[in-house]
Protein chains: 4
Amino acid sequence: MNVRTVGESNNRGATMRSYRLEKLGHLDGIVPREEPMPTPKPKPTDILVRVHAVSLNRRDALILHERYPLPSAPGVVPLSDGAGEVVAVGEEVTRFKVGDRVVGGYWPRWHDGRLKPEFLDQFGCTLDGMLTEYVLLDQQWAVHVPDHLSWEEAATLPCAGVTAWNSIVGGEPLRPGQTVLTLGTGSVSLFALQFAKMLGCRVISTTSSEIKAGKLKELGADHVINYVDTPEWGQAVRELTEGRGADLIVETNGPATIEQSVRAAALYGQIVLLAVSDPTGRHRSRIEISGEAYGSTLATIRRIFVGNRADHEAMNQAITAHHLRPVIDRVFGFADTHDAFTYYLDSKPFGKVIIRID
Amino acid sequence: MNVRTVGESNNRGATMRSYRLEKLGHLDGIVPREEPMPTPKPKPTDILVRVHAVSLNRRDALILHERYPLPSAPGVVPLSDGAGEVVAVGEEVTRFKVGDRVVGGYWPRWHDGRLKPEFLDQFGCTLDGMLTEYVLLDQQWAVHVPDHLSWEEAATLPCAGVTAWNSIVGGEPLRPGQTVLTLGTGSVSLFALQFAKMLGCRVISTTSSEIKAGKLKELGADHVINYVDTPEWGQAVRELTEGRGADLIVETNGPATIEQSVRAAALYGQIVLLAVSDPTGRHRSRIEISGEAYGSTLATIRRIFVGNRADHEAMNQAITAHHLRPVIDRVFGFADTHDAFTYYLDSKPFGKVIIRID
Amino acid sequence: MNVRTVGESNNRGATMRSYRLEKLGHLDGIVPREEPMPTPKPKPTDILVRVHAVSLNRRDALILHERYPLPSAPGVVPLSDGAGEVVAVGEEVTRFKVGDRVVGGYWPRWHDGRLKPEFLDQFGCTLDGMLTEYVLLDQQWAVHVPDHLSWEEAATLPCAGVTAWNSIVGGEPLRPGQTVLTLGTGSVSLFALQFAKMLGCRVISTTSSEIKAGKLKELGADHVINYVDTPEWGQAVRELTEGRGADLIVETNGPATIEQSVRAAALYGQIVLLAVSDPTGRHRSRIEISGEAYGSTLATIRRIFVGNRADHEAMNQAITAHHLRPVIDRVFGFADTHDAFTYYLDSKPFGKVIIRID
Amino acid sequence: MNVRTVGESNNRGATMRSYRLEKLGHLDGIVPREEPMPTPKPKPTDILVRVHAVSLNRRDALILHERYPLPSAPGVVPLSDGAGEVVAVGEEVTRFKVGDRVVGGYWPRWHDGRLKPEFLDQFGCTLDGMLTEYVLLDQQWAVHVPDHLSWEEAATLPCAGVTAWNSIVGGEPLRPGQTVLTLGTGSVSLFALQFAKMLGCRVISTTSSEIKAGKLKELGADHVINYVDTPEWGQAVRELTEGRGADLIVETNGPATIEQSVRAAALYGQIVLLAVSDPTGRHRSRIEISGEAYGSTLATIRRIFVGNRADHEAMNQAITAHHLRPVIDRVFGFADTHDAFTYYLDSKPFGKVIIRID
């Protein structure tokens, strides 16, 4: 990148690189474009952000394949999660100054309280997203980044971080010494593990890989169950908890695992159900729980759609206080965006897949 | 009834009439017996209760057919719900005096807080129940009856009343003006309707009968949907609520209706799931929710196992303040117990089926 | 009123009548002005409202006398609470259309979730208020008015209504049959009485006037205590509740009454403390509770700063469902604004004092 | 000690050593007695416990000086908190077996849910307490002790431990990264510090001693304020929290400190008020908060009366999971009981004062 001065006078004609989702259904539909810098005259409440890193989420694949509940805008810039530096601010901006480090909020219009129909915009879906060098954001749409995080680490937070945070702290409060169960090694599960340890809980995690089991223990998991060796892992969780079951289960898989999750749950357990359909097509896109398993528990099932800006800020406070470091599996270059998607979808990463935008 | 004086001296040899569940699987297994009065020397904390009325619940049919989660004691006296008068008290009894009107608690050992494994006894199942003239209860197992209720009305409370009460007040608080959905005209649904109106909520109810629709409206239902005419009643509920959906759904049917209930639920709705298997065998005994319906809501699903004594007492306070009258469909005589069961199971009553024990 | 057509073209030069708070400390500081209509070119998200009625609140007197926690803007238009009709909308307005009936939110910037420092603006204090014929509002600052309310009734809601609503529903949920205590006949107390009845609670109210006692009972109060005849009314509340005490107390007076309120509170009572200083100067501006009274209760004390827009909208839903009618004591004309203030402050009205702006 | 075999046959005539509170108002009223072993025929639900260690609490001094809300039984064995070994069990005992390590519950009759009038018994007050070699307890009155704790450590839990636990986890849930403020170095404050760290919170503590400041930091305090050097420590807490204030304050002093605590509280802070009178007589026994301080906060004030058995068990689960070690200041011998009291009352210990009963 070479031009890119920002400001009213001299960036006329300046260009930047972006990707745009020009055709749905196949990775080739995400195409690189050289395009004009965002509007040279930002609105008085806008900030201009130079994006340095973005991260991939399951929802990005769902949007690509038209399986996301919200329709995407034609030719939208993909990706919800991006971290960057504020390089210009409108004259009425009060929340940020040039040089601040920010991410975009997952639901930029949802600031506090409950989700409402008028808040349903998302970056990389109904709004241009973060797979670009520069993005214009209303100041209300951005959130500060904890100081100790790198750009790559910061880019992990908006979707997976906030989802995990609300999974752990958004329902009935967990007490120290209670047990949290996480499934697999997706980013939500890893964040949930880290947040649960922050709250003083025991964590049981599942994986099919001995190598990943070791990594889970390094992150703080007290027990790891191999779900291939132990297909009845619901029962295994009960045995690890003197018959009580897990007090909270971060149910990241849904159709494939809900029956075992219900079997793993404590009498008053909380199941946070984050997936109700199966993107792989290997399982029916429905939640099925046997009367036998469900009949013997008072476990509640609750759902989360990521969270609002206040949640994100509360998470930041915790991440800052604990110097938490998000788990990153691999970092790709901007030119290797297609490879990043392929790697993310095919190789069951342990933590986040990042694209660096230099 | 003729003998039955109570007291240490003169009831030696006195007898009473009871039914006992001597053979599982068929109504004929519930047999009348003439048997000795309960122990003439009650324990110091026992009360002796002359039962005047009992009521039937779905769980009584499940116990008869060995489909209840708890195993029943051999030859147990059936029925959990009975109301009667205290006719004798042990010397350490402080909660009651002779002449008090009481019912037995549904979970006699569960007084407050959360259900625990050591509280799992129930009348008419693991403990001798109420289908008898006299029953000995530890004073902690009984609950006072609101003054304005008849014996028949009082006998409706322990199972259906407390279940409905906890459905309405046991989760996230409802606000006046919010909408509650009840399904059908079973006793839990009718109590839930009455309690929801007490809290200032709107109530939408379903039924397949125009006559029952009229009765539901008399009880206070603001809208009644005929679920036969409108099989997509989930959508109908949304239309009746300007698209918002019901804030709380008392899901008394489970497998047969859960999909429509999820479709009827508000974005932050509460679904109180009271049945997870189907006693009729017409539906699979499992909870199935399509990804399509579940994916667009943050509705929570919670479960209830009736409730504890503190819940029962709180319900009594509300019933007393509002002079609420439980809905009774029909009253049978003690000798007609088999007819009462048959009527309860086969005729879709509107409200409670009672057996009077004169 | 005669000129005042609205629109870009023809209201140049149009004027309107307003009051402005030009000198603090005395009612004469509130002076009538003829001034230009609000900016003929509203911002794209603004609505122009023709105010028809306003209501007076204690905070308006505190602002006048420089005893309010927020400083008022010099020459500000007084009053937070005004109801009117939308007569023009900016091109980006989505929440309202011309003809809609609205009130301004008490905290126009606080929409949901928790109060934050950046939300601290208020009409009639830091922002021009409602004692005027026309006001320009950002569309986010206004709230719809329930259809069945008159302009006068609508003008009662933003401060007193929302405060009472949050007093009753904003803490631990009340159950039907529980007891609410309200103090005196100010508007917050009357709304609280009405909302508490909506929830199925018993209400005990206090007053020193037999005439007002009758009116309180007409509004639904179950018991009224004359606090002059019964200075130990805390004990009287206990006696009316079989020794239990009130489950929730709307403590509108603070320093003058808190000791009796604590004595009136149930073991797990909630005291909603709405005043911590005494505007009259008759009591020390501090909360004092004796160890004797406080030592025997687990009552909590919580505070409320009115509430946010989501609270207001939830209240509207309840008011609409129940066709609740706010209590209005007296209506003054726009020219009689000083008389309205004097009457409000000196005559202990029963309900709201309104100024009609024809 | 020499005799003391336990059992129906051979402990007839066996004696044990106890202290009894025979005269109120002065330490000399606590007198050592040689007395018969507890009833040789325990009730079927009783357990006999050989007490090994007891701890002192402020309430023990209040009882001695007739300043406790509950009246003490004449000649009662003092002290609520004692840990020991089960040496005999009645035939119906199911919760314990011989050899189990237990403490008595602070409110032995309060097992779960809310405190009720019928639960008001306490050891060392209305019931014989723990300053004795042997005590007979109903099995429902005792709680298991975490395995890793010594007798001395176990004896710290029933009063101070459970009080601190409920202070930290009993109200609105704390999130990791939020700030807890503790006052001084009494045992409740130290437990609260430890529990708050378990939950991932920052802790600010106060003390007047540099040596104790160092110990507080060793226990995990993030900041320590010297309240003598900084009498306006409320403001100091705000400065340490970027102006936000403390999210939860464990208010162990009450009259002496409440004004500063309110000034230290966050806008939505929680003040857990554990003392409302002043046992030293140096401060008025009342809670006084200035309108100036109280008017600018939405902080809630809640109270705690220790807690119930379920709270105690939840605390045990956390203590076990975290291998938490209670802080013990000094251990005295049984014969030095008067010295232990004097030391406890006069020397501002850092942690618990224990009496060992060998």
# chains A, B, ... in the order shown; residues from 1 in each chain; ligands from 1

$ interface_residues --of "chain B" --to "chain A" --cutoff "6 Å" --atoms "only C-alpha atoms" --output "ChimeraX atom specification"
/B:276-277,285-291,298,300-303

$ write_last_selection --atoms "all heavy atoms" --output "CSV table (one decimal), in the first residue's frame"
chain,number,residue,atom,x,y,z
B,276,VAL,N,-42.0,-33.7,28.7
B,276,VAL,CA,-41.0,-34.0,27.7
B,276,VAL,C,-41.2,-35.3,27.0
B,276,VAL,O,-40.5,-35.7,26.1
B,276,VAL,CB,-39.6,-33.9,28.3
B,276,VAL,CG1,-39.2,-32.5,28.7
B,276,VAL,CG2,-39.4,-34.9,29.4
B,277,SER,N,-42.2,-36.1,27.5
B,277,SER,CA,-42.6,-37.3,26.9
B,277,SER,C,-44.1,-37.3,26.7
B,277,SER,O,-44.8,-36.4,27.2
B,277,SER,CB,-42.2,-38.5,27.7
B,277,SER,OG,-42.7,-38.4,29.0
B,285,SER,N,-41.7,-39.7,22.2
B,285,SER,CA,-41.3,-39.1,23.5
B,285,SER,C,-40.0,-38.4,23.4
B,285,SER,O,-39.0,-38.8,24.0
B,285,SER,CB,-41.3,-40.2,24.5
B,285,SER,OG,-42.6,-40.5,24.9
B,286,ARG,N,-40.0,-37.3,22.6
B,286,ARG,CA,-38.8,-36.5,22.6
B,286,ARG,C,-39.2,-35.1,22.2
B,286,ARG,O,-40.3,-34.8,21.6
B,286,ARG,CB,-37.8,-37.1,21.6
B,286,ARG,CG,-38.3,-37.2,20.1
B,286,ARG,CD,-37.2,-37.6,19.2
B,286,ARG,NE,-36.4,-38.7,19.8
B,286,ARG,CZ,-35.1,-38.8,19.7
B,286,ARG,NH1,-34.4,-37.9,19.1
B,286,ARG,NH2,-34.5,-39.9,20.1
B,287,ILE,N,-38.3,-34.2,22.5
B,287,ILE,CA,-38.5,-32.8,22.2
B,287,ILE,C,-37.8,-32.5,20.9
B,287,ILE,O,-36.5,-32.7,20.9
B,287,ILE,CB,-38.0,-31.9,23.4
B,287,ILE,CG1,-38.9,-32.1,24.6
B,287,ILE,CG2,-37.9,-30.4,23.0
B,287,ILE,CD1,-40.3,-31.7,24.4
B,288,GLU,N,-38.5,-32.1,19.9
B,288,GLU,CA,-37.8,-31.8,18.6
B,288,GLU,C,-38.2,-30.3,18.2
B,288,GLU,O,-39.4,-30.0,18.2
B,288,GLU,CB,-38.3,-32.7,17.5
B,288,GLU,CG,-38.0,-34.1,17.7
B,288,GLU,CD,-38.3,-35.0,16.5
B,288,GLU,OE1,-38.4,-34.4,15.4
B,288,GLU,OE2,-38.4,-36.2,16.6
B,289,ILE,N,-37.2,-29.5,18.0
B,289,ILE,CA,-37.4,-28.2,17.5
B,289,ILE,C,-36.6,-27.9,16.3
B,289,ILE,O,-35.4,-28.2,16.3
B,289,ILE,CB,-37.0,-27.2,18.6
B,289,ILE,CG1,-37.7,-27.5,19.9
B,289,ILE,CG2,-37.3,-25.7,18.2
B,289,ILE,CD1,-37.1,-26.8,21.1
B,290,SER,N,-37.2,-27.4,15.2
B,290,SER,CA,-36.5,-27.2,14.0
B,290,SER,C,-35.5,-26.1,14.1
B,290,SER,O,-35.8,-25.1,14.9
B,290,SER,CB,-37.5,-26.9,12.9
B,290,SER,OG,-38.0,-25.6,13.0
B,291,GLY,N,-34.4,-26.2,13.4
B,291,GLY,CA,-33.4,-25.1,13.4
B,291,GLY,C,-34.0,-23.8,12.9
B,291,GLY,O,-33.7,-22.7,13.3
B,298,LEU,N,-34.4,-15.9,20.9
B,298,LEU,CA,-33.5,-16.1,22.1
B,298,LEU,C,-34.4,-16.6,23.2
B,298,LEU,O,-34.0,-16.5,24.4
B,298,LEU,CB,-33.0,-14.7,22.5
B,298,LEU,CG,-31.9,-14.2,21.6
B,298,LEU,CD1,-31.7,-12.7,21.8
B,298,LEU,CD2,-30.6,-14.9,21.9
B,300,THR,N,-35.8,-18.8,26.1
B,300,THR,CA,-35.3,-19.8,27.0
B,300,THR,C,-36.3,-20.9,27.2
B,300,THR,O,-37.5,-20.7,27.2
B,300,THR,CB,-34.9,-19.2,28.4
B,300,THR,OG1,-36.1,-18.6,28.9
B,300,THR,CG2,-33.9,-18.1,28.2
B,301,ILE,N,-35.8,-22.1,27.5
B,301,ILE,CA,-36.6,-23.2,27.9
B,301,ILE,C,-36.2,-23.6,29.3
B,301,ILE,O,-35.1,-23.8,29.6
B,301,ILE,CB,-36.5,-24.4,27.0
B,301,ILE,CG1,-36.8,-23.9,25.5
B,301,ILE,CG2,-37.4,-25.5,27.4
B,301,ILE,CD1,-36.7,-25.1,24.5
B,302,ARG,N,-37.2,-23.5,30.2
B,302,ARG,CA,-36.9,-24.0,31.6
B,302,ARG,C,-38.0,-25.0,32.0
B,302,ARG,O,-39.0,-25.2,31.4
B,302,ARG,CB,-36.9,-22.8,32.6
B,302,ARG,CG,-38.2,-22.1,32.8
B,302,ARG,CD,-38.0,-20.9,33.8
B,302,ARG,NE,-39.0,-20.0,33.8
B,302,ARG,CZ,-40.2,-20.1,34.5
B,302,ARG,NH1,-40.3,-21.0,35.4
B,302,ARG,NH2,-41.1,-19.2,34.4
B,303,ARG,N,-37.6,-25.8,33.0
B,303,ARG,CA,-38.4,-26.9,33.4
B,303,ARG,C,-38.8,-26.7,34.9
B,303,ARG,O,-38.2,-26.0,35.6
B,303,ARG,CB,-37.6,-28.2,33.3
B,303,ARG,CG,-37.0,-28.4,31.9
B,303,ARG,CD,-37.6,-29.5,31.1
B,303,ARG,NE,-37.5,-30.8,31.8
B,303,ARG,CZ,-38.6,-31.5,32.1
B,303,ARG,NH1,-39.8,-31.1,31.7
B,303,ARG,NH2,-38.5,-32.7,32.7

$ residues_around --residues "Ala321 in chain B" --least-positions-apart "4" --cutoff "8 Å" --atoms "only C-alpha atoms" --output "VMD selection string"
(chain B and resid 317) or (chain C and resid 176 to 177 202)

$ residues_around --residues "Pro349 in chain D" --least-positions-apart "2" --cutoff "8 Å" --atoms "only C-alpha atoms" --output "ChimeraX atom specification"
/D:185-186,329,343-344,347,351-353

$ write_last_selection --atoms "N, CA, C and O atoms" --output "PDB file, in the first residue's frame"
ATOM      1  N   THR D 185      -9.120  -5.602  58.792  1.00  0.00           N
ATOM      2  CA  THR D 185      -8.520  -6.931  58.715  1.00  0.00           C
ATOM      3  C   THR D 185      -9.226  -7.938  59.610  1.00  0.00           C
ATOM      4  O   THR D 185      -8.631  -8.926  60.040  1.00  0.00           O
ATOM      5  N   GLY D 186     -10.512  -7.666  59.899  1.00  0.00           N
ATOM      6  CA  GLY D 186     -11.292  -8.689  60.578  1.00  0.00           C
ATOM      7  C   GLY D 186     -11.486  -9.897  59.670  1.00  0.00           C
ATOM      8  O   GLY D 186     -11.232  -9.852  58.462  1.00  0.00           O
ATOM      9  N   ASP D 329      -5.020 -15.946  63.124  1.00  0.00           N
ATOM     10  CA  ASP D 329      -4.085 -15.045  63.778  1.00  0.00           C
ATOM     11  C   ASP D 329      -3.351 -15.768  64.902  1.00  0.00           C
ATOM     12  O   ASP D 329      -2.131 -15.744  64.980  1.00  0.00           O
ATOM     13  N   TYR D 343      -7.668 -11.230  73.992  1.00  0.00           N
ATOM     14  CA  TYR D 343      -6.821 -10.974  72.828  1.00  0.00           C
ATOM     15  C   TYR D 343      -7.692 -10.613  71.612  1.00  0.00           C
ATOM     16  O   TYR D 343      -7.400  -9.664  70.885  1.00  0.00           O
ATOM     17  N   TYR D 344      -8.740 -11.376  71.418  1.00  0.00           N
ATOM     18  CA  TYR D 344      -9.619 -11.124  70.276  1.00  0.00           C
ATOM     19  C   TYR D 344     -10.195  -9.718  70.315  1.00  0.00           C
ATOM     20  O   TYR D 344     -10.237  -9.008  69.290  1.00  0.00           O
ATOM     21  N   SER D 347      -6.802  -6.705  70.570  1.00  0.00           N
ATOM     22  CA  SER D 347      -5.546  -6.590  69.822  1.00  0.00           C
ATOM     23  C   SER D 347      -5.719  -6.542  68.311  1.00  0.00           C
ATOM     24  O   SER D 347      -4.762  -6.746  67.585  1.00  0.00           O
ATOM     25  N   GLY D 351      -7.099 -11.878  61.131  1.00  0.00           N
ATOM     26  CA  GLY D 351      -7.649 -13.218  60.945  1.00  0.00           C
ATOM     27  C   GLY D 351      -8.204 -13.751  62.250  1.00  0.00           C
ATOM     28  O   GLY D 351      -8.384 -13.024  63.224  1.00  0.00           O
ATOM     29  N   LYS D 352      -8.452 -15.037  62.263  1.00  0.00           N
ATOM     30  CA  LYS D 352      -9.250 -15.643  63.308  1.00  0.00           C
ATOM     31  C   LYS D 352      -8.453 -15.935  64.575  1.00  0.00           C
ATOM     32  O   LYS D 352      -7.270 -16.314  64.514  1.00  0.00           O
ATOM     33  N   VAL D 353      -9.142 -15.812  65.705  1.00  0.00           N
ATOM     34  CA  VAL D 353      -8.612 -16.262  66.985  1.00  0.00           C
ATOM     35  C   VAL D 353      -9.288 -17.585  67.327  1.00  0.00           C
ATOM     36  O   VAL D 353     -10.519 -17.676  67.329  1.00  0.00           O
TER      37      VAL D 353
END

$ atom_distance --atom1 "CA of Arg20 in chain C" --atom2 "CA of Ala340 in chain C"
15.3 Å

$ residues_around --residues "Ile328 in chain B" --least-positions-apart "5" --cutoff "12 Å" --atoms "only C-alpha atoms" --output "list in words"
Val54, Ser55, Leu56, Leu149, Ser150, Trp151, Glu152, Glu153, Ala154, Ala155, Thr156, Leu157, Ala160, Thr185, Gly186, Ser187, Leu190, Phe191, Tyr344, Pro349, Phe350, Gly351, Lys352, Val353, Ile354 and Ile355 of chain B

$ select_by_dssp --residues "range 125-335 of chain C" --states "strand (DSSP E or B)" --output "count of residues only"
55

$ residues_around --residues "Val180 in chain A" --least-positions-apart "6" --cutoff "6 Å" --atoms "only C-alpha atoms" --output "list in words"
Val203, Ala246, Asp247, Leu248 and Ile249 of chain A

$ write_last_selection --atoms "C-alpha atoms" --output "compact mmCIF listing (two decimals), in the first residue's frame"
# COMPACT_ATOMS: atom_id res chain seq x y z
CA VAL A 203 -13.64 -26.73 33.50
CA ALA A 246 -21.97 -29.78 34.82
CA ASP A 247 -23.43 -26.54 36.13
CA LEU A 248 -23.05 -24.77 32.79
CA ILE A 249 -22.51 -26.18 29.33

$ residues_around --residues "range 232-238 of chain B" --least-positions-apart "6" --cutoff "12 Å" --atoms "only C-alpha atoms" --output "number ranges by chain"
B: 179-183, 202-208, 222-226, 244-249, 257-267, 269, 293
